[in-house]
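Structure file start22.cif with mmCIF, C-alpha atoms:
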data_protein
#
loop_
_atom_site.label_atom_id
_atom_site.label_comp_id
_atom_site.auth_asym_id
_atom_site.auth_seq_id
_atom_site.Cartn_x
_atom_site.Cartn_y
_atom_site.Cartn_z
CA MET R 1 0.00 0.00 0.00
CA MET R 2 2.78 2.31 0.86
CA ASN R 3 4.58 1.65 -2.31
CA ARG R 4 1.45 2.32 -4.23
CA LYS R 5 1.05 5.78 -2.64
CA LEU R 6 4.68 6.50 -3.27
CA LYS R 7 4.35 5.57 -6.86
CA LEU R 8 1.32 7.75 -7.21
CA SER R 9 3.18 10.65 -5.67
CA LEU R 10 6.15 10.17 -7.92
CA MET R 11 3.92 9.94 -10.91
CA THR R 12 2.17 13.09 -9.89
CA VAL R 13 5.47 14.96 -9.48
CA ALA R 14 6.70 13.64 -12.81
CA MET R 15 3.55 14.75 -14.54
CA LEU R 16 3.72 18.21 -12.99
CA SER R 17 7.36 18.58 -14.04
CA ALA R 18 6.49 17.53 -17.57
CA ALA R 19 3.64 20.02 -17.70
CA VAL R 20 5.91 22.87 -16.55
CA ALA R 21 8.56 21.88 -19.07
CA TRP R 22 5.96 21.69 -21.80
CA SER R 23 4.56 25.14 -21.04
CA GLN R 24 8.07 26.64 -21.02
CA ARG R 25 8.83 25.02 -24.36
CA ASN R 26 5.66 26.43 -25.95
CA ALA R 27 6.50 29.94 -24.69
CA PHE R 28 9.99 29.72 -26.24
CA ASP R 29 8.64 28.45 -29.53
CA ALA R 30 6.10 31.27 -29.64
CA ALA R 31 8.83 33.86 -29.08
CA GLN R 32 11.21 32.63 -31.81
CA PRO R 33 9.85 34.85 -34.57
CA GLU R 34 10.84 37.88 -32.49
CA GLY R 35 14.47 36.80 -32.54
CA TYR R 36 16.86 36.25 -29.74
CA PHE R 37 15.78 39.31 -27.78
CA TRP R 38 12.20 38.50 -28.04
CA TYR R 39 11.38 40.19 -24.79
CA LYS R 40 9.66 43.47 -25.33
CA ASP R 41 9.37 46.47 -23.11
CA LYS R 42 6.07 48.06 -22.78
CA PRO R 43 5.67 50.75 -25.40
CA LYS R 44 6.38 54.19 -24.08
CA GLN R 45 3.45 56.47 -23.98
CA VAL R 46 4.02 59.50 -26.19
CA LYS R 47 2.95 62.70 -24.60
CA LYS R 48 0.49 64.55 -26.67
CA GLU R 49 1.77 68.03 -27.41
CA GLU R 50 -0.68 70.69 -26.60
CA PRO R 51 -1.64 72.65 -29.73
CA LYS R 52 0.17 75.95 -29.98
CA PRO R 53 -1.98 78.97 -30.20
CA GLU R 54 -2.28 80.26 -33.77
CA GLU R 55 -0.12 83.26 -34.49
CA LYS R 56 -2.12 86.12 -35.86
CA THR R 57 -0.75 87.58 -39.05
CA PRO R 58 -0.19 91.26 -38.51
CA GLN R 59 -2.56 93.24 -40.65
CA PRO R 60 -1.00 96.02 -42.75
CA GLN R 61 -1.68 99.37 -41.30
CA PRO R 62 -3.37 101.83 -43.63
CA ALA R 63 -0.83 104.21 -45.09
CA ALA R 64 -1.02 107.71 -43.88
CA PRO R 65 -2.42 109.99 -46.55
CA SER R 66 0.47 111.57 -48.45
CA GLN R 67 0.54 115.29 -48.40
CA SER R 68 1.05 117.05 -51.70
CA PRO R 69 4.08 119.30 -51.69
CA VAL R 70 3.28 122.94 -51.41
CA LEU R 71 3.82 124.52 -54.81
CA LYS R 72 5.76 127.73 -55.13
CA PRO R 73 3.43 130.55 -56.21
CA GLY R 74 4.39 131.70 -59.68
CA SER R 75 5.84 128.35 -60.78
CA ALA R 76 4.51 126.74 -63.94
CA GLU R 77 2.95 123.86 -61.98
CA TRP R 78 1.34 126.31 -59.56
CA PHE R 79 -0.26 128.17 -62.47
CA ARG R 80 -1.53 124.92 -64.03
CA GLN R 81 -2.98 123.41 -60.88
CA THR R 82 -4.44 126.60 -59.47
CA GLU R 83 -6.17 127.51 -62.71
CA GLN R 84 -7.66 124.03 -63.03
CA LYS R 85 -8.84 124.09 -59.43
CA LEU R 86 -10.48 127.51 -59.74
CA LEU R 87 -12.08 126.53 -63.05
CA ASP R 88 -13.45 123.33 -61.49
CA ASN R 89 -14.87 125.35 -58.59
CA LEU R 90 -16.54 127.76 -61.00
CA SER R 91 -17.96 124.93 -63.13
CA SER R 92 -19.35 123.15 -60.06
CA ASP R 93 -20.70 126.30 -58.42
CA PRO R 94 -20.99 129.33 -60.72
CA SER R 95 -21.27 131.73 -57.83
CA GLU R 96 -19.95 135.30 -57.81
CA LYS R 97 -17.25 134.28 -55.34
CA ASN R 98 -15.88 131.53 -57.62
CA ALA R 99 -16.20 133.71 -60.73
CA LEU R 100 -14.24 136.49 -59.04
CA ALA R 101 -11.50 134.10 -57.96
CA TYR R 102 -11.14 132.64 -61.44
CA LYS R 103 -11.13 135.97 -63.30
CA ALA R 104 -8.64 137.48 -60.86
CA PHE R 105 -6.32 134.53 -61.37
CA GLU R 106 -6.80 134.71 -65.15
CA HIS R 107 -5.66 138.35 -65.04
CA LEU R 108 -2.56 137.31 -63.11
CA ARG R 109 -1.77 134.56 -65.61
CA ASN R 110 -2.15 136.88 -68.62
CA ASP R 111 0.17 139.42 -67.03
CA ARG R 112 2.76 136.66 -66.59
CA VAL R 113 2.44 135.80 -70.30
CA ASP R 114 3.04 139.45 -71.18
CA GLU R 115 6.04 139.52 -68.87
CA VAL R 116 7.51 136.48 -70.63
CA ALA R 117 6.93 138.14 -74.02
CA ARG R 118 8.67 141.35 -72.93
CA THR R 119 11.66 139.41 -71.59
CA THR R 120 11.85 137.38 -74.79
CA GLU R 121 11.81 140.56 -76.87
CA LYS R 122 14.78 141.88 -74.91
CA ILE R 123 16.65 138.65 -75.60
CA LEU R 124 15.92 138.88 -79.33
CA ASN R 125 17.29 142.42 -79.38
CA LYS R 126 20.43 141.17 -77.69
CA TYR R 127 20.73 137.98 -79.77
CA PRO R 128 19.16 138.96 -83.14
CA TYR R 129 19.94 135.71 -84.96
CA LEU R 130 17.28 134.01 -82.81
CA SER R 131 14.57 136.11 -84.45
CA GLU R 132 12.68 134.72 -87.43
CA ALA R 133 12.34 138.30 -88.66
CA VAL R 134 16.10 138.35 -89.30
CA ARG R 135 15.88 135.22 -91.40
CA VAL R 136 12.84 136.33 -93.42
CA PRO R 137 11.06 139.65 -92.66
CA ILE R 138 7.70 139.37 -90.94
CA ALA R 139 6.29 142.80 -91.80
CA ALA R 140 3.95 142.50 -94.79
CA HIS R 141 5.73 144.79 -97.25
CA ALA R 142 9.23 143.62 -96.34
CA ARG R 143 8.11 139.99 -96.47
CA GLN R 144 6.68 140.44 -99.95
CA GLN R 145 9.99 141.88 -101.07
CA ALA R 146 11.89 138.96 -99.54
CA LEU R 147 9.63 136.37 -101.13
CA TRP R 148 9.93 138.11 -104.47
CA GLN R 149 13.72 137.99 -104.17
CA ILE R 150 13.53 134.27 -103.37
CA ASP R 151 11.38 133.61 -106.44
CA GLN R 152 13.71 135.66 -108.65
CA ALA R 153 16.71 133.74 -107.36
CA LYS R 154 15.03 130.40 -108.06
CA GLU R 155 14.15 131.46 -111.59
CA GLY R 156 17.73 132.65 -112.04
CA ILE R 157 19.04 129.24 -110.96
CA ILE R 158 16.80 127.41 -113.46
CA GLY R 159 17.61 129.86 -116.24
CA ASP R 160 21.31 129.39 -115.60
CA LEU R 161 20.92 125.62 -116.03
CA ARG R 162 20.46 125.88 -119.80
CA ASN R 163 24.23 126.24 -120.04
CA LYS R 164 24.95 123.43 -117.58
CA ALA R 165 22.24 120.77 -117.66
CA GLY R 166 19.14 119.43 -119.36
CA LEU R 167 16.01 117.42 -118.57
CA TRP R 168 14.79 114.01 -119.64
CA MET R 169 11.11 113.19 -119.29
CA PHE R 170 10.33 109.46 -119.36
CA PHE R 171 6.76 108.77 -120.46
CA ASP R 172 4.30 106.16 -121.68
CA SER R 173 2.11 107.36 -124.55
CA ASN R 174 -0.91 105.55 -123.03
CA CYS R 175 -0.49 107.28 -119.65
CA ASN R 176 -2.93 110.16 -119.06
CA PHE R 177 -0.68 111.68 -116.38
CA CYS R 178 2.18 111.67 -118.87
CA HIS R 179 0.10 113.78 -121.27
CA ALA R 180 -0.54 116.31 -118.48
CA GLN R 181 3.10 116.37 -117.44
CA TYR R 182 4.21 116.90 -121.04
CA GLU R 183 2.23 120.16 -121.15
CA THR R 184 3.92 121.32 -117.93
CA VAL R 185 7.41 120.43 -119.12
CA LYS R 186 6.74 122.16 -122.42
CA MET R 187 5.85 125.37 -120.53
CA LEU R 188 9.04 125.02 -118.47
CA GLU R 189 11.07 124.55 -121.65
CA GLN R 190 9.59 127.66 -123.25
CA LYS R 191 9.99 129.79 -120.11
CA TYR R 192 13.64 128.98 -119.40
CA ARG R 193 14.84 127.74 -122.80
CA ILE R 194 16.27 124.68 -121.08
CA GLU R 195 17.03 121.66 -123.27
CA VAL R 196 14.59 118.76 -122.91
CA ARG R 197 14.48 115.20 -124.28
CA TYR R 198 11.30 113.07 -124.16
CA ILE R 199 12.01 109.36 -123.63
CA SER R 200 9.27 106.94 -124.73
CA ILE R 201 9.24 103.56 -123.00
CA ASP R 202 6.43 102.05 -125.09
CA GLY R 203 7.45 103.19 -128.58
CA GLY R 204 4.63 105.72 -128.87
CA VAL R 205 4.62 109.52 -128.76
CA ILE R 206 2.36 112.21 -127.35
CA LYS R 207 0.62 114.56 -129.75
CA GLY R 208 2.53 117.78 -130.26
CA MET R 209 5.97 116.41 -129.43
CA ASN R 210 8.84 117.52 -131.62
CA GLN R 211 10.19 114.35 -133.21
CA LYS R 212 13.73 115.71 -132.90
CA GLN R 213 13.36 115.71 -129.11
CA VAL R 214 11.97 112.19 -128.82
CA ARG R 215 14.11 109.20 -127.91
CA PHE R 216 12.95 105.59 -127.53
CA ASP R 217 13.63 103.25 -124.61
CA ASN R 218 11.54 100.28 -125.74
CA GLY R 219 10.91 97.98 -122.80
CA GLY R 220 12.08 100.65 -120.33
CA SER R 221 15.53 99.15 -119.68
CA ARG R 222 17.16 102.59 -119.45
CA ALA R 223 14.39 103.80 -117.15
CA ARG R 224 15.03 100.87 -114.83
CA GLN R 225 18.73 101.73 -114.73
CA PHE R 226 17.77 105.11 -113.30
CA GLY R 227 15.44 103.47 -110.78
CA ILE R 228 12.31 104.86 -112.38
CA LYS R 229 9.25 102.94 -111.18
CA VAL R 230 6.34 105.03 -112.50
CA THR R 231 5.76 107.46 -115.34
CA PRO R 232 5.96 110.32 -115.89
CA ALA R 233 9.39 110.87 -114.39
CA VAL R 234 11.77 113.80 -114.85
CA VAL R 235 15.54 113.37 -114.67
CA MET R 236 18.12 116.15 -114.52
CA VAL R 237 21.19 115.35 -116.62
CA VAL R 238 24.51 117.11 -116.10
CA PRO R 239 27.10 116.21 -118.75
CA PRO R 240 29.19 114.24 -118.99
CA GLU R 241 27.82 111.57 -116.64
CA THR R 242 25.79 112.99 -113.74
CA ALA R 243 22.03 112.41 -113.58
CA ALA R 244 19.36 112.27 -110.89
CA ILE R 245 15.61 111.73 -110.70
CA ILE R 246 13.99 114.98 -109.57
CA ALA R 247 10.29 114.17 -109.95
CA HIS R 248 7.99 111.15 -110.06
CA GLY R 249 4.40 111.64 -111.19
CA ALA R 250 2.60 114.63 -112.67
CA MET R 251 2.96 117.98 -110.87
CA SER R 252 2.35 121.68 -111.35
CA LEU R 253 4.86 124.06 -112.89
CA SER R 254 5.70 125.70 -109.55
CA ASP R 255 6.27 122.33 -107.89
CA LEU R 256 8.49 121.20 -110.74
CA GLU R 257 10.48 124.46 -110.54
CA GLU R 258 11.00 123.89 -106.82
CA LYS R 259 12.25 120.35 -107.49
CA ILE R 260 14.70 121.59 -110.12
CA VAL R 261 16.09 124.32 -107.85
CA THR R 262 16.56 121.87 -104.96
CA ALA R 263 18.32 119.37 -107.25
CA ALA R 264 20.59 122.05 -108.72
CA ILE R 265 21.64 123.20 -105.24
CA ASP R 266 22.20 119.64 -104.01
CA MET R 267 24.24 118.81 -107.12
CA LYS R 268 26.24 122.04 -106.55
CA ILE R 269 25.65 123.41 -110.04
CA ALA R 270 23.59 126.42 -108.88
CA ASP R 271 25.16 129.86 -108.61
CA PRO R 272 26.24 130.31 -104.93
CA LYS R 273 24.95 133.89 -104.72
CA LEU R 274 21.57 132.90 -106.10
CA THR R 275 21.54 129.90 -103.79
CA ARG R 276 21.92 132.06 -100.67
CA THR R 277 18.95 134.19 -101.74
CA ALA R 278 16.82 131.23 -102.84
CA LYS R 279 17.36 129.56 -99.46
CA MET R 280 16.82 132.74 -97.47
CA ASN R 281 14.08 131.13 -95.38
CA GLU R 282 16.55 128.39 -94.37
CA ARG R 283 19.30 130.71 -93.18
CA GLY R 284 20.79 129.58 -89.89
CA MET R 285 18.81 126.33 -89.88
CA ILE R 286 20.44 123.82 -87.51
CA GLU R 287 20.94 120.33 -88.94
CA GLN R 288 21.99 117.02 -87.41
CA SER R 289 25.59 117.50 -88.51
CA ASP R 290 25.66 120.82 -86.62
CA TRP R 291 24.54 119.09 -83.42
CA GLU R 292 27.26 116.49 -83.79
CA ALA R 293 29.96 119.07 -84.54
CA ALA R 294 28.96 121.12 -81.49
CA GLY R 295 29.43 118.13 -79.20
CA PHE R 296 26.12 118.12 -77.34
CA THR R 297 26.28 115.78 -74.34
CA GLY R 298 22.82 116.11 -72.80
CA THR R 299 24.33 117.29 -69.51
CA GLU R 300 24.59 120.97 -70.41
CA THR R 301 23.25 123.60 -68.06
CA PRO R 302 20.68 125.98 -69.58
CA GLU R 303 23.44 128.58 -69.96
CA GLU R 304 25.79 126.13 -71.70
CA LEU R 305 23.01 124.86 -73.99
CA SER R 306 21.95 128.34 -75.12
CA GLU R 307 25.57 129.33 -75.71
CA LYS R 308 26.22 126.30 -77.93
CA ILE R 309 23.03 126.77 -79.94
CA TYR R 310 23.63 130.48 -80.53
CA ARG R 311 27.21 129.81 -81.58
CA ILE R 312 25.92 127.39 -84.26
CA ILE R 313 23.30 129.87 -85.52
CA THR R 314 25.81 132.73 -85.66
CA LYS R 315 28.24 130.67 -87.69
CA LYS R 316 25.58 129.59 -90.20
CA MET R 317 24.00 133.03 -90.53
CA GLU R 318 27.34 134.64 -91.28
CA GLN R 319 28.42 132.15 -93.91
#
This entry written out as structure tokens:
Amino acid sequence: MMNRKLKLSLMTVAMLSAAVAWSQRNAFDAAQPEGYFWYKDKPKQVKKEEPKPEEKTPQPQPAAPSQSPVLKPGSAEWFRQTEQKLLDNLSSDPSEKNALAYKAFEHLRNDRVDEVARTTEKILNKYPYLSEAVRVPIAAHARQQALWQIDQAKEGIIGDLRNKAGLWMFFDSNCNFCHAQYETVKMLEQKYRIEVRYISIDGGVIKGMNQKQVRFDNGGSRARQFGIKVTPAVVMVVPPETAAIIAHGAMSLSDLEEKIVTAAIDMKIADPKLTRTAKMNERGMIEQSDWEAAGFTGTETPEELSEKIYRIITKKMEQ
């Protein structure tokens, strides 16, 4: 009996030991996927950060109203702004008060204009070449005399050309404008006795033409050499080999005379004395080449600028 109890006890202990070993084995097997250090600490609790208060974007402060600079009474801007303001007041409220203010200011402005005119007149007396009256008289009688002298000089230049140059008129006999231009050139020829040749580019002639004066440029090859694009066209020819187109299209006798005079002066075949008279209204005229020769820099003071300009005019007027 004793042995039986002992056996039962031993069996019980053996079974308990086996159960403990079995449970430990299962725990190890379950931990293998985690690796050798399968033991895990408890996850640390992350403290939740308290939301920061939103920063308010500073709102732009309204700019202080800019104050307009006080204008100096008598300055050009003061005159402009004051007149406009007083006129606006009068237009909005045509009261006696606003009308008086505007008319009083208008009187002041007109007196300033007269003051400027008087000062300018003094300057013209001191620097006469700045006056247009010195270039070409303004007074009616004197101006008529000057213009008559200019016309006479121009006619003298054209009349003098009969010994130096001649004209070629290129035409197409089917061109109506060419017929009109022929009549004008014929008048010019009779007035100045200048030699003229009529060049036909289509082989035809215009009624009334002197056959001895007609030449033929069939196909217009010679016309193209001169750069003629339309007919009628007038060319000034200066022997032995100088020629230039002076007119394209039909024009009046006075216009054609003006073209001939300009061409003669540019080609330097006009009499110098007659040229000075014919270009009287251009005396002292400042050209681009004069600016360049004077060495303008754009940084001149008003005194330096006026001195340079007057020096140019004086030189050209006294040529």
Residues in the PyMOL selection byres ((chain R and resi 186) around 12), expressed as a count of residues only: 31
Can you work out which one of R:Arg109, R:Lys273, R:Lys126, R:Lys164 has the shortest atom-to-atom distance to Pro73 in chain R, counting only C-alpha atoms?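 Checking each of R:Arg109, R:Lys273, R:Lys126, R:Lys164 against Pro73 in chain R, counting only C-alpha atoms, the winner is R:Arg109.
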Proximity to Asn176 in chain R - best of R:Thr231, R:Gln152, R:Gln144, R:Ser200, all atoms listed in the file: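 Once distances to Asn176 in chain R are computed over all atoms listed in the file, the minimum belongs to R:Thr231.
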Output check: residues returned by the PyMOL selection byres ((chain R and resi 230) around 12), as a PDB file with C-alpha atoms, in the coordinates of the input:
ATOM      1  CA  MET R 169      11.110 113.190-119.290  1.00  0.00           C
ATOM      2  CA  PHE R 170      10.330 109.460-119.360  1.00  0.00           C
ATOM      3  CA  PHE R 171       6.760 108.770-120.460  1.00  0.00           C
ATOM      4  CA  ASP R 172       4.300 106.160-121.680  1.00  0.00           C
ATOM      5  CA  CYS R 175      -0.490 107.280-119.650  1.00  0.00           C
ATOM      6  CA  PHE R 177      -0.680 111.680-116.380  1.00  0.00           C
ATOM      7  CA  CYS R 178       2.180 111.670-118.870  1.00  0.00           C
ATOM      8  CA  ILE R 201       9.240 103.560-123.000  1.00  0.00           C
ATOM      9  CA  GLY R 220      12.080 100.650-120.330  1.00  0.00           C
ATOM     10  CA  ALA R 223      14.390 103.800-117.150  1.00  0.00           C
ATOM     11  CA  ARG R 224      15.030 100.870-114.830  1.00  0.00           C
ATOM     12  CA  PHE R 226      17.770 105.110-113.300  1.00  0.00           C
ATOM     13  CA  GLY R 227      15.440 103.470-110.780  1.00  0.00           C
ATOM     14  CA  ILE R 228      12.310 104.860-112.380  1.00  0.00           C
ATOM     15  CA  LYS R 229       9.250 102.940-111.180  1.00  0.00           C
ATOM     16  CA  THR R 231       5.760 107.460-115.340  1.00  0.00           C
ATOM     17  CA  PRO R 232       5.960 110.320-115.890  1.00  0.00           C
ATOM     18  CA  ALA R 233       9.390 110.870-114.390  1.00  0.00           C
ATOM     19  CA  VAL R 234      11.770 113.800-114.850  1.00  0.00           C
ATOM     20  CA  ILE R 245      15.610 111.730-110.700  1.00  0.00           C
ATOM     21  CA  ALA R 247      10.290 114.170-109.950  1.00  0.00           C
ATOM     22  CA  HIS R 248       7.990 111.150-110.060  1.00  0.00           C
ATOM     23  CA  GLY R 249       4.400 111.640-111.190  1.00  0.00           C
ATOM     24  CA  ALA R 250       2.600 114.630-112.670  1.00  0.00           C
TER      25      ALA R 250
END
With distances taken over only C-alpha atoms, which of R:Asn174, R:Ile313, R:Gly204, R:Ile269 is nearest to Ile286 in chain R?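 Smallest distance to Ile286 in chain R is found for R:Ile313.
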Residue nearest Ile157 in chain R - candidates R:Leu305, R:Ile312, R:Glu257, R:Met280, atoms counted: all atoms listed in the file: R:Glu257
CA of Ala99 in chain R to CA of Gln81 in chain R, distance in Å rounded to a single decimal: 16.8 Å
Can you list, as a short mmCIF file (atom, residue, chain, number, x, y, z; two decimals) with C-alpha atoms, keeping the file's coordinate frame, the residues that the PyMOL selection byres ((chain R and resi 105) around 12) selects here?
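Result file follows (out.cif):
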data_model
loop_
_atom_site.label_atom_id
_atom_site.label_comp_id
_atom_site.auth_asym_id
_atom_site.auth_seq_id
_atom_site.Cartn_x
_atom_site.Cartn_y
_atom_site.Cartn_z
CA PRO R 73 3.43 130.55 -56.21
CA GLY R 74 4.39 131.70 -59.68
CA TRP R 78 1.34 126.31 -59.56
CA PHE R 79 -0.26 128.17 -62.47
CA ARG R 80 -1.53 124.92 -64.03
CA GLN R 81 -2.98 123.41 -60.88
CA THR R 82 -4.44 126.60 -59.47
CA GLU R 83 -6.17 127.51 -62.71
CA GLN R 84 -7.66 124.03 -63.03
CA LYS R 85 -8.84 124.09 -59.43
CA LEU R 86 -10.48 127.51 -59.74
CA LEU R 87 -12.08 126.53 -63.05
CA ASN R 98 -15.88 131.53 -57.62
CA ALA R 99 -16.20 133.71 -60.73
CA LEU R 100 -14.24 136.49 -59.04
CA ALA R 101 -11.50 134.10 -57.96
CA TYR R 102 -11.14 132.64 -61.44
CA LYS R 103 -11.13 135.97 -63.30
CA ALA R 104 -8.64 137.48 -60.86
CA GLU R 106 -6.80 134.71 -65.15
CA HIS R 107 -5.66 138.35 -65.04
CA LEU R 108 -2.56 137.31 -63.11
CA ARG R 109 -1.77 134.56 -65.61
CA ASN R 110 -2.15 136.88 -68.62
CA ASP R 111 0.17 139.42 -67.03
CA ARG R 112 2.76 136.66 -66.59
#
Using all atoms listed in the file, which of the listed residues (R:Gln211, R:Thr275, R:Thr297, R:Asn89) sits closest to Ala153 in chain R? R:Thr275
Calculated over all atoms listed in the file, which of the candidates R:Asp217, R:Gln319, R:Arg162, R:Arg118 has the smallest distance to Pro272 in chain R?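 Closest to Pro272 in chain R, using all atoms listed in the file: R:Gln319.
Rounded to one decimal, CA of Ile150 in chain R and CA of Lys316 in chain R lie 18.5 Å from each other.
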Interatomic distance between CA of Lys212 in chain R and CA of Asn163 in chain R? 19.7 Å
Provide an axis-aligned box for all listed atoms of range 148-163 of chain R, padding each side by 4 Å; report its centre and its edge lengths in Å to one decimal, as JSON.
{"center_x": 17.1, "center_y": 131.9, "center_z": -111.7, "size_x": 22.3, "size_y": 20.5, "size_z": 24.7}
Could you name the residues that touch Glu307 in chain R at 12 Å or less, counting all atoms listed in the file, but leaving out those on the same chain fewer than 4 positions away, as a short mmCIF file (atom, residue, chain, number, x, y, z; two decimals) with C-alpha atoms, in the frame of the given file?
data_model
loop_
_atom_site.label_atom_id
_atom_site.label_comp_id
_atom_site.auth_asym_id
_atom_site.auth_seq_id
_atom_site.Cartn_x
_atom_site.Cartn_y
_atom_site.Cartn_z
CA TYR R 127 20.73 137.98 -79.77
CA LEU R 130 17.28 134.01 -82.81
CA ALA R 294 28.96 121.12 -81.49
CA PHE R 296 26.12 118.12 -77.34
CA GLU R 300 24.59 120.97 -70.41
CA THR R 301 23.25 123.60 -68.06
CA PRO R 302 20.68 125.98 -69.58
CA GLU R 303 23.44 128.58 -69.96
CA ARG R 311 27.21 129.81 -81.58
CA ILE R 312 25.92 127.39 -84.26
CA ILE R 313 23.30 129.87 -85.52
CA THR R 314 25.81 132.73 -85.66
#
Give me the residues within 12 Å of Gly295 in chain R as JSON, numbers by chain, counting all atoms listed in the file and dropping any in the same chain fewer than 6 places off. {"R": [288, 289, 304, 305, 308, 309, 312]}
Rebuild N, CA, C and O atoms on range 109-124 of chain R, as an mmCIF file, keeping the file's coordinate frame?
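Wrote result-v1.cif, looks like this:
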data_model
loop_
_atom_site.group_PDB
_atom_site.id
_atom_site.type_symbol
_atom_site.label_atom_id
_atom_site.label_comp_id
_atom_site.auth_asym_id
_atom_site.auth_seq_id
_atom_site.Cartn_x
_atom_site.Cartn_y
_atom_site.Cartn_z
ATOM 1 N N ARG R 109 -2.435 135.429 -64.636
ATOM 2 C CA ARG R 109 -1.770 134.560 -65.610
ATOM 3 C C ARG R 109 -1.451 135.312 -66.904
ATOM 4 O O ARG R 109 -0.366 135.170 -67.474
ATOM 5 N N ASN R 110 -2.382 136.122 -67.387
ATOM 6 C CA ASN R 110 -2.150 136.880 -68.620
ATOM 7 C C ASN R 110 -1.012 137.886 -68.448
ATOM 8 O O ASN R 110 -0.232 138.111 -69.383
ATOM 9 N N ASP R 111 -0.930 138.487 -67.278
ATOM 10 C CA ASP R 111 0.170 139.420 -67.030
ATOM 11 C C ASP R 111 1.507 138.681 -67.033
ATOM 12 O O ASP R 111 2.526 139.224 -67.482
ATOM 13 N N ARG R 112 1.516 137.436 -66.550
ATOM 14 C CA ARG R 112 2.760 136.660 -66.590
ATOM 15 C C ARG R 112 3.151 136.359 -68.045
ATOM 16 O O ARG R 112 4.329 136.405 -68.402
ATOM 17 N N VAL R 113 2.173 136.054 -68.884
ATOM 18 C CA VAL R 113 2.440 135.800 -70.300
ATOM 19 C C VAL R 113 3.052 137.046 -70.946
ATOM 20 O O VAL R 113 4.019 136.960 -71.712
ATOM 21 N N ASP R 114 2.489 138.208 -70.636
ATOM 22 C CA ASP R 114 3.040 139.450 -71.180
ATOM 23 C C ASP R 114 4.461 139.692 -70.687
ATOM 24 O O ASP R 114 5.327 140.173 -71.431
ATOM 25 N N GLU R 115 4.700 139.351 -69.437
ATOM 26 C CA GLU R 115 6.040 139.520 -68.870
ATOM 27 C C GLU R 115 7.047 138.636 -69.593
ATOM 28 O O GLU R 115 8.174 139.051 -69.897
ATOM 29 N N VAL R 116 6.643 137.398 -69.886
ATOM 30 C CA VAL R 116 7.510 136.480 -70.630
ATOM 31 C C VAL R 116 7.792 137.040 -72.021
ATOM 32 O O VAL R 116 8.929 137.003 -72.510
ATOM 33 N N ALA R 117 6.760 137.589 -72.671
ATOM 34 C CA ALA R 117 6.930 138.140 -74.020
ATOM 35 C C ALA R 117 7.894 139.324 -74.009
ATOM 36 O O ALA R 117 8.745 139.461 -74.906
ATOM 37 N N ARG R 118 7.780 140.189 -73.003
ATOM 38 C CA ARG R 118 8.670 141.350 -72.930
ATOM 39 C C ARG R 118 10.119 140.914 -72.698
ATOM 40 O O ARG R 118 11.052 141.453 -73.304
ATOM 41 N N THR R 119 10.307 139.922 -71.842
ATOM 42 C CA THR R 119 11.660 139.410 -71.590
ATOM 43 C C THR R 119 12.238 138.771 -72.843
ATOM 44 O O THR R 119 13.415 138.951 -73.176
ATOM 45 N N THR R 120 11.405 138.022 -73.557
ATOM 46 C CA THR R 120 11.850 137.380 -74.790
ATOM 47 C C THR R 120 12.255 138.413 -75.828
ATOM 48 O O THR R 120 13.245 138.244 -76.555
ATOM 49 N N GLU R 121 11.489 139.505 -75.912
ATOM 50 C CA GLU R 121 11.810 140.560 -76.870
ATOM 51 C C GLU R 121 13.171 141.180 -76.565
ATOM 52 O O GLU R 121 13.941 141.494 -77.482
ATOM 53 N N LYS R 122 13.469 141.347 -75.290
ATOM 54 C CA LYS R 122 14.780 141.880 -74.910
ATOM 55 C C LYS R 122 15.900 140.934 -75.362
ATOM 56 O O LYS R 122 16.949 141.372 -75.836
ATOM 57 N N ILE R 123 15.642 139.633 -75.196
ATOM 58 C CA ILE R 123 16.650 138.650 -75.600
ATOM 59 C C ILE R 123 16.869 138.684 -77.102
ATOM 60 O O ILE R 123 18.004 138.601 -77.594
ATOM 61 N N LEU R 124 15.791 138.828 -77.878
ATOM 62 C CA LEU R 124 15.920 138.880 -79.330
ATOM 63 C C LEU R 124 16.677 140.126 -79.783
ATOM 64 O O LEU R 124 17.378 140.101 -80.796
#
